[in-house]
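Source file: start.cif; contents: mmCIF, C-alpha atoms.
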```
data_run
loop_
_atom_site.label_atom_id
_atom_site.label_comp_id
_atom_site.auth_asym_id
_atom_site.auth_seq_id
_atom_site.Cartn_x
_atom_site.Cartn_y
_atom_site.Cartn_z
CA MET S 1 -106.62 74.45 88.20
CA PHE S 2 -104.53 77.09 86.40
CA LYS S 3 -103.21 74.99 83.53
CA ASP S 4 -103.95 76.70 80.19
CA LYS S 5 -105.87 79.47 82.03
CA VAL S 6 -105.36 83.24 81.93
CA VAL S 7 -104.55 84.72 85.35
CA LEU S 8 -104.44 88.42 86.27
CA ILE S 9 -102.53 89.58 89.37
CA THR S 10 -103.06 93.19 90.44
CA GLY S 11 -100.11 94.56 92.36
CA GLY S 12 -98.17 91.75 90.73
CA THR S 13 -94.76 93.39 91.16
CA GLY S 14 -95.00 93.61 94.96
CA SER S 15 -93.49 91.14 97.42
CA ILE S 16 -96.68 89.06 97.65
CA GLY S 17 -97.88 89.66 94.10
CA SER S 18 -94.60 88.54 92.52
CA GLU S 19 -94.55 85.38 94.67
CA ILE S 20 -98.10 84.60 93.50
CA VAL S 21 -96.90 85.12 89.92
CA ARG S 22 -94.09 82.58 90.40
CA ASN S 23 -96.46 80.11 92.03
CA ILE S 24 -98.99 80.40 89.20
CA LEU S 25 -96.28 80.01 86.55
CA SER S 26 -95.42 76.59 87.97
CA HIS S 27 -98.94 75.44 86.96
CA ASN S 28 -98.36 76.10 83.22
CA PRO S 29 -101.01 78.79 82.64
CA ALA S 30 -101.77 80.09 79.17
CA ALA S 31 -100.83 83.59 80.32
CA VAL S 32 -100.13 85.57 83.47
CA ARG S 33 -100.97 89.27 83.33
CA ILE S 34 -99.17 91.46 85.84
CA TYR S 35 -101.12 94.66 86.45
CA SER S 36 -99.39 97.44 88.40
CA ARG S 37 -98.59 101.12 88.19
CA ASP S 38 -94.81 101.04 88.81
CA GLU S 39 -92.87 100.60 85.59
CA SER S 40 -89.53 100.32 87.42
CA LYS S 41 -90.72 97.31 89.42
CA GLN S 42 -92.16 95.83 86.23
CA PHE S 43 -88.78 96.18 84.53
CA ASP S 44 -87.05 94.47 87.46
CA LEU S 45 -89.53 91.59 87.40
CA GLN S 46 -89.15 91.25 83.62
CA GLN S 47 -85.42 90.63 84.15
CA GLN S 48 -86.15 87.98 86.80
CA LEU S 49 -88.77 86.18 84.69
CA LYS S 50 -87.28 86.67 81.24
CA GLU S 51 -87.29 82.92 80.50
CA TYR S 52 -91.10 82.89 80.58
CA LYS S 53 -92.89 83.74 77.32
CA ASN S 54 -96.41 83.70 78.79
CA VAL S 55 -96.10 86.73 81.11
CA ARG S 56 -97.65 90.05 80.16
CA TYR S 57 -96.78 93.34 81.90
CA LEU S 58 -99.64 95.85 82.04
CA ILE S 59 -99.22 99.37 83.40
CA GLY S 60 -102.39 100.50 85.13
CA ASP S 61 -104.08 101.59 88.35
CA ILE S 62 -107.09 99.85 89.88
CA ARG S 63 -108.63 103.31 90.24
CA ASP S 64 -108.98 103.32 86.43
CA GLN S 65 -112.00 101.13 85.67
CA LYS S 66 -111.70 101.32 81.88
CA ARG S 67 -108.04 100.23 81.98
CA LEU S 68 -109.00 97.36 84.29
CA ALA S 69 -111.72 96.28 81.86
CA TYR S 70 -109.22 96.06 78.98
CA ALA S 71 -106.75 94.13 81.16
CA MET S 72 -109.46 91.67 82.19
CA GLU S 73 -110.63 90.49 78.78
CA GLY S 74 -110.43 86.70 78.58
CA VAL S 75 -109.21 86.32 82.19
CA ASN S 76 -110.19 83.20 84.17
CA TYR S 77 -108.76 84.03 87.62
CA ILE S 78 -107.85 87.25 89.43
CA PHE S 79 -105.61 87.63 92.47
CA HIS S 80 -106.00 91.12 93.87
CA ALA S 81 -102.83 92.22 95.71
CA ALA S 82 -102.84 95.94 94.86
CA ALA S 83 -103.48 98.20 97.85
CA LEU S 84 -102.30 101.09 99.97
CA LYS S 85 -101.09 99.07 102.96
CA HIS S 86 -98.88 101.25 105.17
CA VAL S 87 -100.71 102.42 108.28
CA PRO S 88 -98.98 105.83 108.72
CA SER S 89 -99.34 106.88 105.07
CA CYS S 90 -103.01 105.85 104.99
CA GLU S 91 -103.57 107.71 108.25
CA TYR S 92 -102.04 110.86 106.79
CA ASN S 93 -103.73 110.47 103.37
CA PRO S 94 -107.09 108.84 104.19
CA MET S 95 -108.92 109.75 100.99
CA GLU S 96 -106.14 108.21 98.89
CA ALA S 97 -106.64 104.98 100.86
CA VAL S 98 -110.38 105.16 100.10
CA LYS S 99 -109.71 105.67 96.37
CA THR S 100 -107.48 102.58 96.14
CA ASN S 101 -108.72 100.21 98.84
CA VAL S 102 -112.46 100.88 98.43
CA ILE S 103 -113.25 102.45 95.05
CA GLY S 104 -110.47 100.45 93.36
CA VAL S 105 -111.92 97.21 94.72
CA GLN S 106 -115.40 98.11 93.48
CA ASN S 107 -113.91 98.81 90.04
CA LEU S 108 -112.31 95.37 90.15
CA ILE S 109 -115.58 93.69 91.14
CA GLU S 110 -117.64 95.35 88.42
CA THR S 111 -115.14 94.61 85.64
CA ALA S 112 -114.72 91.00 86.84
CA ILE S 113 -118.49 90.44 86.66
CA GLU S 114 -118.72 92.09 83.24
CA ASN S 115 -115.93 89.85 81.91
CA ASN S 116 -117.30 86.60 83.41
CA VAL S 117 -114.14 85.92 85.41
CA GLU S 118 -114.37 82.53 87.16
CA LYS S 119 -112.85 83.42 90.55
CA VAL S 120 -111.51 86.52 92.29
CA VAL S 121 -109.38 86.25 95.44
CA ALA S 122 -108.63 89.53 97.23
CA ILE S 123 -105.91 89.99 99.84
CA SER S 124 -107.02 91.52 103.13
CA THR S 125 -105.25 92.12 106.45
CA ASP S 126 -105.50 91.45 110.17
CA LYS S 127 -106.09 95.19 110.60
CA VAL S 128 -109.71 94.81 109.42
CA VAL S 129 -110.64 93.19 112.75
CA ASN S 130 -111.83 95.93 115.14
CA PRO S 131 -109.99 98.55 113.04
CA THR S 132 -108.42 101.58 114.71
CA ASN S 133 -106.81 103.09 111.61
CA THR S 134 -107.73 104.20 108.10
CA MET S 135 -105.94 101.33 106.42
CA GLY S 136 -107.86 98.74 108.46
CA ALA S 137 -111.17 100.56 107.98
CA THR S 138 -110.79 100.81 104.20
CA LYS S 139 -109.71 97.18 103.90
CA LEU S 140 -112.70 96.14 106.01
CA VAL S 141 -115.00 97.93 103.56
CA SER S 142 -113.21 96.17 100.70
CA GLU S 143 -113.86 92.80 102.40
CA LYS S 144 -117.55 93.70 102.69
CA LEU S 145 -117.65 94.68 99.01
CA ILE S 146 -116.03 91.40 97.96
CA SER S 147 -118.48 89.37 100.05
CA ALA S 148 -121.50 91.32 98.80
CA ALA S 149 -120.37 90.91 95.18
CA ASN S 150 -121.48 87.27 95.39
CA LEU S 151 -125.05 88.53 95.91
CA TYR S 152 -125.45 91.22 93.28
CA LYS S 153 -123.59 89.57 90.40
CA GLY S 154 -126.93 88.40 89.00
CA GLY S 155 -126.70 85.31 86.84
CA ARG S 156 -122.95 85.61 86.35
CA GLY S 157 -120.86 82.80 87.80
CA THR S 158 -117.95 84.81 89.26
CA ILE S 159 -116.93 83.65 92.76
CA PHE S 160 -115.40 86.21 95.14
CA SER S 161 -113.44 85.51 98.34
CA CYS S 162 -110.78 87.08 100.59
CA VAL S 163 -107.69 86.02 102.49
CA ARG S 164 -106.52 87.80 105.65
CA PHE S 165 -102.79 88.19 106.15
CA GLY S 166 -100.75 88.97 109.22
CA ASN S 167 -97.35 90.62 108.84
CA VAL S 168 -95.46 89.09 105.92
CA MET S 169 -91.84 88.48 106.89
CA GLY S 170 -89.33 90.18 104.62
CA SER S 171 -91.93 91.87 102.42
CA ARG S 172 -91.25 95.35 101.07
CA GLY S 173 -91.76 97.97 103.79
CA SER S 174 -92.02 95.45 106.64
CA VAL S 175 -90.03 95.48 109.88
CA ILE S 176 -87.34 92.90 109.03
CA PRO S 177 -85.77 94.88 106.13
CA LEU S 178 -86.00 98.02 108.31
CA PHE S 179 -84.32 96.35 111.30
CA LYS S 180 -81.57 94.86 109.11
CA GLU S 181 -80.80 98.23 107.55
CA GLN S 182 -80.59 99.86 110.99
CA ILE S 183 -78.28 97.08 112.25
CA ILE S 184 -75.99 97.27 109.20
CA ASN S 185 -75.64 101.04 109.67
CA GLY S 186 -74.94 100.70 113.40
CA GLN S 187 -78.10 102.60 114.30
CA PRO S 188 -80.40 101.72 117.20
CA VAL S 189 -83.14 99.27 116.24
CA THR S 190 -86.45 101.08 116.68
CA VAL S 191 -89.54 99.35 118.06
CA THR S 192 -92.68 101.31 118.82
CA HIS S 193 -93.46 99.38 122.05
CA LYS S 194 -91.48 96.64 123.80
CA ASN S 195 -94.55 94.45 124.37
CA MET S 196 -96.09 94.74 120.89
CA THR S 197 -96.94 91.38 119.28
CA ARG S 198 -97.73 90.49 115.69
CA PHE S 199 -98.79 87.53 113.54
CA MET S 200 -95.99 86.52 111.16
CA MET S 201 -96.06 84.56 107.93
CA SER S 202 -93.47 83.99 105.21
CA ILE S 203 -93.88 85.23 101.63
CA PRO S 204 -94.26 81.65 100.26
CA GLN S 205 -96.87 80.89 102.97
CA ALA S 206 -98.78 84.01 101.99
CA ALA S 207 -98.78 83.07 98.30
CA GLN S 208 -99.84 79.49 99.03
CA LEU S 209 -102.74 80.70 101.18
CA VAL S 210 -104.01 82.70 98.23
CA ILE S 211 -103.74 79.68 95.92
CA ASN S 212 -105.56 77.49 98.46
CA ALA S 213 -108.32 80.07 98.77
CA ALA S 214 -108.88 79.93 95.03
CA GLN S 215 -109.26 76.17 95.24
CA TYR S 216 -111.62 76.08 98.24
CA SER S 217 -113.77 79.18 97.64
CA LYS S 218 -117.45 78.85 96.85
CA GLY S 219 -118.43 82.48 97.44
CA GLY S 220 -117.95 85.11 100.14
CA GLU S 221 -115.48 83.30 102.39
CA VAL S 222 -112.58 84.81 104.33
CA PHE S 223 -109.55 82.52 104.71
CA VAL S 224 -107.09 82.97 107.60
CA LEU S 225 -103.76 81.15 107.86
CA LYS S 226 -102.82 79.73 111.26
CA MET S 227 -99.53 81.50 111.82
CA PRO S 228 -96.99 82.10 114.57
CA ILE S 229 -97.17 85.06 116.93
CA LEU S 230 -94.10 86.83 118.25
CA LYS S 231 -93.01 89.88 120.18
CA ILE S 232 -91.42 92.48 117.88
CA THR S 233 -88.67 93.16 120.45
CA ASP S 234 -87.71 89.46 120.41
CA LEU S 235 -87.57 89.55 116.61
CA ALA S 236 -85.22 92.56 116.75
CA GLN S 237 -82.98 90.82 119.28
CA CYS S 238 -82.77 87.67 117.13
CA LEU S 239 -81.74 89.74 114.09
CA ILE S 240 -79.05 91.46 116.18
CA GLU S 241 -77.73 88.03 117.24
CA SER S 242 -77.77 86.91 113.60
CA TYR S 243 -75.69 89.96 112.64
CA GLU S 244 -73.18 89.38 115.43
CA LYS S 245 -72.78 85.74 114.44
CA ALA S 246 -72.33 86.57 110.73
CA SER S 247 -70.02 89.57 111.21
CA GLN S 248 -68.21 88.20 114.28
CA GLN S 249 -68.40 91.60 115.92
CA ALA S 250 -70.58 93.07 118.64
CA TYR S 251 -73.51 95.28 117.76
CA THR S 252 -73.63 98.35 120.00
CA GLY S 253 -76.67 100.19 118.67
CA GLY S 254 -79.18 98.67 121.10
CA ILE S 255 -82.97 98.64 120.86
CA ILE S 256 -85.02 101.76 121.60
CA GLU S 257 -88.76 102.45 121.90
CA THR S 258 -90.14 105.25 119.73
CA GLY S 259 -93.80 105.18 120.80
CA ILE S 260 -96.87 103.74 119.09
CA ARG S 261 -97.57 105.44 115.76
CA PRO S 262 -100.94 107.01 114.87
CA GLY S 263 -103.46 104.24 114.20
CA GLU S 264 -101.15 101.44 115.38
CA LYS S 265 -102.37 98.71 117.76
CA MET S 266 -100.48 96.87 120.49
CA TYR S 267 -102.00 93.56 119.39
CA GLU S 268 -103.55 92.37 116.15
CA GLU S 269 -106.59 90.17 115.62
CA LEU S 270 -107.32 87.87 112.68
CA MET S 271 -110.74 86.56 113.68
CA THR S 272 -113.36 87.92 116.10
CA LEU S 273 -115.30 85.87 118.63
CA ASP S 274 -118.46 86.34 116.53
CA GLU S 275 -116.70 85.16 113.37
CA SER S 276 -115.39 82.06 115.15
CA GLU S 277 -119.01 81.08 115.90
CA ARG S 278 -119.51 80.18 112.23
CA ALA S 279 -115.87 79.45 111.30
CA LEU S 280 -114.45 76.16 110.04
CA GLU S 281 -110.85 75.00 110.25
CA ASN S 282 -108.33 72.49 109.00
CA GLU S 283 -104.73 71.98 110.11
CA SER S 284 -103.39 75.09 108.37
CA MET S 285 -106.20 77.65 108.15
CA TYR S 286 -109.56 78.99 109.27
CA LEU S 287 -112.44 79.45 106.84
CA ILE S 288 -115.03 82.08 107.78
CA PRO S 289 -118.16 81.65 105.61
CA SER S 290 -120.11 84.66 104.44
CA LEU S 291 -122.92 85.89 106.70
CA PHE S 292 -125.17 85.41 103.70
CA ASN S 293 -124.13 81.79 103.19
CA PRO S 294 -125.15 79.65 106.18
CA ILE S 295 -122.87 76.70 106.93
CA ASP S 296 -124.75 74.26 104.79
CA GLN S 297 -121.99 73.98 102.21
CA TYR S 298 -119.47 71.20 102.60
CA TYR S 299 -115.80 72.12 102.50
CA ASP S 300 -113.60 69.05 102.10
CA GLY S 301 -111.18 68.63 105.00
CA PHE S 302 -112.72 71.36 107.20
CA SER S 303 -114.53 70.94 110.52
CA LYS S 304 -116.17 73.30 113.04
CA ALA S 305 -113.67 75.67 114.65
CA LYS S 306 -113.42 76.42 118.36
CA HIS S 307 -115.46 79.38 119.60
CA GLN S 308 -112.60 81.74 120.41
CA GLU S 309 -111.05 84.91 119.04
CA TYR S 310 -107.76 84.65 117.17
CA SER S 311 -105.60 87.44 118.61
CA SER S 312 -101.85 88.05 118.93
CA HIS S 313 -102.54 88.91 122.59
CA THR S 314 -104.07 85.55 123.55
CA ALA S 315 -102.80 82.95 121.03
CA PRO S 316 -99.65 80.89 121.78
CA GLN S 317 -96.47 82.90 121.26
CA LEU S 318 -93.07 81.97 119.80
CA PHE S 319 -90.02 82.64 121.95
CA MET S 320 -86.41 83.38 121.07
CA PRO S 321 -85.18 79.88 120.07
CA GLU S 322 -88.24 79.35 117.83
CA ILE S 323 -87.88 82.84 116.30
CA ARG S 324 -84.23 82.09 115.48
CA ASP S 325 -85.34 78.93 113.70
CA LEU S 326 -88.06 80.83 111.82
CA ILE S 327 -85.56 83.44 110.62
CA GLU S 328 -83.09 80.77 109.47
CA GLN S 329 -85.73 78.64 107.74
CA ASN S 330 -86.87 81.63 105.68
CA HIS S 331 -83.32 82.94 105.03
CA LEU S 332 -84.16 86.31 106.58
CA GLY S 333 -81.13 86.73 108.83
CA PHE S 334 -77.55 87.72 108.08
CA GLU S 335 -75.17 85.32 106.36
CA LYS S 336 -71.46 85.10 106.97
CA GLY S 337 -69.54 87.01 104.28
CA ARG S 338 -72.78 88.54 102.96
CA LEU S 339 -74.44 90.93 105.37
CA LEU S 340 -76.78 92.77 103.00
#
```
Any chance you could give the structure as structure tokens?
Amino acid sequence: MFKDKVVLITGGTGSIGSEIVRNILSHNPAAVRIYSRDESKQFDLQQQLKEYKNVRYLIGDIRDQKRLAYAMEGVNYIFHAAALKHVPSCEYNPMEAVKTNVIGVQNLIETAIENNVEKVVAISTDKVVNPTNTMGATKLVSEKLISAANLYKGGRGTIFSCVRFGNVMGSRGSVIPLFKEQIINGQPVTVTHKNMTRFMMSIPQAAQLVINAAQYSKGGEVFVLKMPILKITDLAQCLIESYEKASQQAYTGGIIETGIRPGEKMYEELMTLDESERALENESMYLIPSLFNPIDQYYDGFSKAKHQEYSSHTAPQLFMPEIRDLIEQNHLGFEKGRLL
């Protein structure tokens, strides 16, 4: 699909974006363009990918439509990973979230249509379902914009779709790096509520979901990975055990509750009951067709999904032994002789 094609990844230096870059490079594209606004992260990624001669590093912000238009010339596929994603910072700076997560997405849509891009896959979040915070609300609007773009593109052939992520394990700014830093420094591990649950996916799983979405999309769909659910307190305890095993010394910091942060939810949802009414599924993911595209399109390997919401409160949960395995499989714990 990507062989000899030109692929643009916005936010391509982030945890997810850089994994998408590596995945795409394995398909022998003509060029991969990494579009982001952080030159330091671009420099770091250049060092990691210096053996590749078909990677281009473009400084730019998705708020800048003209810069996007230049970056998009000759592009076949776009993976949109740039966003303001941290709940507290979006809550404190709501208009900045609007400028990036809403206006930036509309800039992306318009320039993609103008440049006859074949497919655009945008990354969304579980926080768009019944949103209680600014980040979720702005990302929900961005989902609506992406879906609607399939209607007003006129005669252009660009196909737009979204993927919804849960928490991505080990990604920049997520809880696992925070917990590990607290443990290393002997500080108490901070959880906002002892009963809080979250969907969890690995960085490679997240990147593969995006690639699969590009293959399956026909216009306006939302793709949702079927992923494990766990209690954040159990995750913290498993990381403490991993540290004790690797360091061969007891951790005395403990786990403390700090209280739910502004805009934060006890449980997350990835698909509403109404969405499940029209959803399809295969072994690894759900496919929610656009409201404007009735289920008359055939998706190979998908069948009608069960009529039920997909929530971290009601879906089957992983317990401590399974969480330990998950941490080990994804190399996210502590290793003997190498604690950082």
With a distance cut-off of 7 Å and all atoms listed in the file, select the neighbouring residues of Ile146 (chain S), excluding the residue or stretch itself and same-chain residues fewer than 3 positions from it, and output the selection as a VMD selection string. chain S and resid 142 to 143 149 160 to 161 220
Using the chain letters and numbers from the file, which residues does the PyMOL selection byres ((chain S and resi 12-19) around 9) grab, as a VMD selection string? chain S and resid 8 to 11 20 to 24 33 to 36 38 41 to 42 44 to 45 79 to 82 168 170 to 172 203 to 204 206 to 207
Among the residues S:Asp126, S:Cys238, S:Ile255, S:Ile62, the one that comes closest to Thr100 (chain S) [using only C-alpha atoms]: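 Under the stated criterion, the closest residue is S:Ile62.
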What lies within 8 Å of region 178-190 of chain S using only C-alpha atoms, ignoring chain neighbours under 2 positions off, as a ChimeraX atom specification? /S:173-176,192,236,239-240,243,251-258,339-340
Result set of the PyMOL selection byres ((chain S and resi 138) around 7) on the coordinates above, as a list in words: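 Listing what the PyMOL selection byres ((chain S and resi 138) around 7) selects in the shown file: Ala97, Val98, Asn101, Val102, Thr134, Met135, Gly136, Ala137, Lys139, Leu140, Val141 and Ser142 of chain S.
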Only C-alpha atoms, please: the residues just picked out, written as a CSV table (one decimal), keeping the file's coordinate frame.
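Dumped to part33.csv:
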```csv
chain,number,residue,atom,x,y,z
S,97,ALA,CA,-106.6,105.0,100.9
S,98,VAL,CA,-110.4,105.2,100.1
S,101,ASN,CA,-108.7,100.2,98.8
S,102,VAL,CA,-112.5,100.9,98.4
S,134,THR,CA,-107.7,104.2,108.1
S,135,MET,CA,-105.9,101.3,106.4
S,136,GLY,CA,-107.9,98.7,108.5
S,137,ALA,CA,-111.2,100.6,108.0
S,139,LYS,CA,-109.7,97.2,103.9
S,140,LEU,CA,-112.7,96.1,106.0
S,141,VAL,CA,-115.0,97.9,103.6
S,142,SER,CA,-113.2,96.2,100.7
```
Need the shell around Ile232 (chain S): protein/DNA/RNA residues with any atom at most 8 Å away, counting all atoms listed in the file. Skip same-chain ones fewer than 5 positions apart. Format as a PyMOL selection string? chain S and resi 191+194-198
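Atom to atom, CA of Lys304 (chain S) and CA of Leu209 (chain S) stand 19.4 Å apart.
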If we count all atoms listed in the file and set the cut-off at 8 Å, which residues sit around Ser284 (chain S), ignoring sequence neighbours fewer than 3 positions away in its own chain? Please answer as a PDB file with C-alpha atoms, in the coordinates of the input.
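Dumped to part-v9.pdb:
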```pdb
ATOM      1  CA  LEU S 225    -103.760  81.150 107.860  1.00  0.00           C
ATOM      2  CA  LYS S 226    -102.820  79.730 111.260  1.00  0.00           C
ATOM      3  CA  GLU S 281    -110.850  75.000 110.250  1.00  0.00           C
TER       4      GLU S 281
END
```
So which residues touch Gly166 (chain S) within 7 Å, counting all atoms listed in the file, skipping near sequence neighbours fewer than 6 positions away, as a PyMOL selection string? chain S and resi 125-126+199-201
Would you translate the PyMOL selection byres ((chain S and resi 261) around 12) into the concrete set of residues it matches in this file, as a VMD selection string? chain S and resid 86 to 89 91 to 92 132 to 133 190 to 193 196 257 to 260 262 to 266
How about saving the chosen residues, C-alpha atoms kept, as a compact mmCIF listing (two decimals), in the coordinates of the input?
```txt
# COMPACT_ATOMS: atom_id res chain seq x y z
CA HIS S 86 -98.88 101.25 105.17
CA VAL S 87 -100.71 102.42 108.28
CA PRO S 88 -98.98 105.83 108.72
CA SER S 89 -99.34 106.88 105.07
CA GLU S 91 -103.57 107.71 108.25
CA TYR S 92 -102.04 110.86 106.79
CA THR S 132 -108.42 101.58 114.71
CA ASN S 133 -106.81 103.09 111.61
CA THR S 190 -86.45 101.08 116.68
CA VAL S 191 -89.54 99.35 118.06
CA THR S 192 -92.68 101.31 118.82
CA HIS S 193 -93.46 99.38 122.05
CA MET S 196 -96.09 94.74 120.89
CA GLU S 257 -88.76 102.45 121.90
CA THR S 258 -90.14 105.25 119.73
CA GLY S 259 -93.80 105.18 120.80
CA ILE S 260 -96.87 103.74 119.09
CA PRO S 262 -100.94 107.01 114.87
CA GLY S 263 -103.46 104.24 114.20
CA GLU S 264 -101.15 101.44 115.38
CA LYS S 265 -102.37 98.71 117.76
CA MET S 266 -100.48 96.87 120.49
```
Give me, please, the distance in Å between CA of Lys127 (chain S) and CA of Leu270 (chain S), quoted to one decimal.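 Between CA of Lys127 (chain S) and CA of Leu270 (chain S) the gap works out to 7.7 Å.
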Please indicate the distance in Å from CA of Ile78 (chain S) to CA of Val32 (chain S), rounded to one decimal place.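 Result for CA of Ile78 (chain S) versus CA of Val32 (chain S): 9.9 Å, one decimal.
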From S:Glu322, S:Glu118, S:Glu96, S:Glu39, residue lying nearest Lys218 (chain S) [all atoms listed in the file]: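 Of the candidates, the smallest distance to Lys218 (chain S) is held by S:Glu118.
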Of the candidates S:Met169, S:Leu145, S:Val117, S:Ala71, which one gets nearest to Ile103 (chain S) if we count all atoms listed in the file? S:Leu145
